[in-house]
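Okay, structure first, notes after.
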Amino acid sequence: MKSVGRWLLWVVLAGVALQLFFVGRIALMLVVDPQSTAFMRSEAWRVASESLTTDKTWRWSSQWVDYADISPNLKRAVMASEDAGFPEHGGVDWDALQSAWQKNERRQAQVEKRAEQIEKKLANKPEAAEAALKKIQPPKVVGGSTITQQLAKNLLLSGERNLLRKGQELVLALVLEAVLPKQRILEIYLNSVEWGEGIFGAEAAAQRYFNKPASKLSAYEAARLAVMLPSPKFFETRQGSAYLSRRASTIVARMGDVTPP
């Protein structure tokens, strides 16, 4: 019994130490620009590994620029697209989280209902039923994450999707908001977010897609970059997408409703 208690104590102490490490890393960002994130390092390893085992060419672009050197258009566009309530919330938009949870539950219920229908319809044909069930796509998970949560995840956490990681993300988002001003959070986010295969940050994205610095992005160009954020690798190869253009126009119309910190 004593050994179990000692083991639990070590687990608790390790958890506390990890949280203190995260707080220290975040506090350091008050004065030091982070040159990479956990996600960037993970992607660098993946891209480097693939370049060694395939004919794929290594490509990497990331350049830090100060907040003042990022176009206000991009700040507005990203907020309008990703997190319009960024200036007001404390790191977590609880209403958005609840809405996302409800959407995920509805989508999961739809998938389960479809599976039940297939099982009943093909009850006498188990092989056909198994083949049909394999074709069912899992529901797309809606996150409801704020800009601060996205930054917390990219900065310090792995890409795993589970409740423990999501809980850690929420804690780190609250710490980020408690330690860093809103402007600094947005600055770090825009300098570290992914905009394509090996393309990280506003400056790299502006140069890659528009051959100009991030400070010179127009409203429409900024909106196109903002639309890419949920699926940057997908849109990187689909720059002529009608959806991309249509959605960008919608974001441009919304940009006047948000004010960057």
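Residue numbers start at 1 in each chain; chains themselves are named A, B, ... in the order of the structure tokens; ligands are numbered from 1 in the order shown.
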Surrounding residues of Leu151 in chain A excluding itself and chain neighbours under 5 positions, 8 Å, only C-alpha atoms, as number ranges by chain: A: 173, 185, 188-189, 193
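Counting only C-alpha atoms, Arg254 in chain A has the following residues at most 10 Å away, ignoring those fewer than 3 positions along the same chain: Arg76, Ala77, Met79, Ala80, Ser81, Ala84, Ala223, Ala248, Ser249, Thr250, Ile251, Asp257 and Val258 of chain A.
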Since we have the selection now, will you write its residues out, keeping N, CA, C and O atoms, as a short mmCIF file (atom, residue, chain, number, x, y, z; two decimals), in the first residue's frame?
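part-v4.cif, written as the output of this step:
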```
data_model
loop_
_atom_site.label_atom_id
_atom_site.label_comp_id
_atom_site.auth_asym_id
_atom_site.auth_seq_id
_atom_site.Cartn_x
_atom_site.Cartn_y
_atom_site.Cartn_z
N ARG A 76 -6.88 41.19 -38.70
CA ARG A 76 -8.34 41.23 -38.75
C ARG A 76 -8.91 39.98 -39.42
O ARG A 76 -9.90 39.41 -38.95
N ALA A 77 -8.29 39.56 -40.51
CA ALA A 77 -8.80 38.41 -41.26
C ALA A 77 -8.75 37.14 -40.42
O ALA A 77 -9.71 36.36 -40.38
N MET A 79 -8.65 36.88 -37.14
CA MET A 79 -9.63 36.98 -36.06
C MET A 79 -11.05 36.75 -36.58
O MET A 79 -11.84 36.02 -35.97
N ALA A 80 -11.38 37.37 -37.71
CA ALA A 80 -12.73 37.22 -38.28
C ALA A 80 -13.02 35.78 -38.65
O ALA A 80 -14.16 35.31 -38.54
N SER A 81 -12.00 35.07 -39.10
CA SER A 81 -12.17 33.69 -39.55
C SER A 81 -12.09 32.69 -38.41
O SER A 81 -12.89 31.74 -38.35
N ALA A 84 -13.45 35.57 -33.56
CA ALA A 84 -13.89 36.97 -33.52
C ALA A 84 -13.92 37.53 -32.10
O ALA A 84 -13.80 38.73 -31.89
N ALA A 223 -7.37 37.63 -46.28
CA ALA A 223 -8.53 36.76 -46.09
C ALA A 223 -8.28 35.37 -46.67
O ALA A 223 -8.69 34.36 -46.09
N ALA A 248 -13.09 33.66 -48.82
CA ALA A 248 -12.25 34.84 -48.59
C ALA A 248 -13.06 36.12 -48.71
O ALA A 248 -12.89 37.06 -47.92
N SER A 249 -13.97 36.17 -49.68
CA SER A 249 -14.82 37.35 -49.85
C SER A 249 -15.71 37.54 -48.62
O SER A 249 -15.96 38.68 -48.18
N THR A 250 -16.19 36.43 -48.06
CA THR A 250 -17.02 36.50 -46.86
C THR A 250 -16.21 37.06 -45.69
O THR A 250 -16.69 37.89 -44.91
N ILE A 251 -14.97 36.61 -45.56
CA ILE A 251 -14.10 37.07 -44.46
C ILE A 251 -13.80 38.56 -44.61
O ILE A 251 -13.79 39.30 -43.62
N ASP A 257 -15.68 44.15 -38.52
CA ASP A 257 -16.36 43.93 -37.24
C ASP A 257 -15.40 43.57 -36.11
O ASP A 257 -15.83 43.41 -34.97
N VAL A 258 -14.12 43.38 -36.43
CA VAL A 258 -13.16 43.02 -35.39
C VAL A 258 -12.05 44.06 -35.31
O VAL A 258 -11.69 44.68 -36.29
#
```
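Comparing A:Gly256, A:Leu30, A:Leu52, A:Ala202 by their smallest distance to Lys182 in chain A, the closest is A:Leu30 (using only C-alpha atoms).
When only C-alpha atoms are used to measure the gap to Asn73 in chain A, the shortest distance among A:Gln19, A:Ser231, A:Gln239, A:Ser218 belongs to A:Ser218.
Of the listed residues A:Leu186, A:Ser245, A:Val92, A:Asp33, the one whose atoms come nearest to Leu172 in chain A is A:Val92, with distances taken using only C-alpha atoms.
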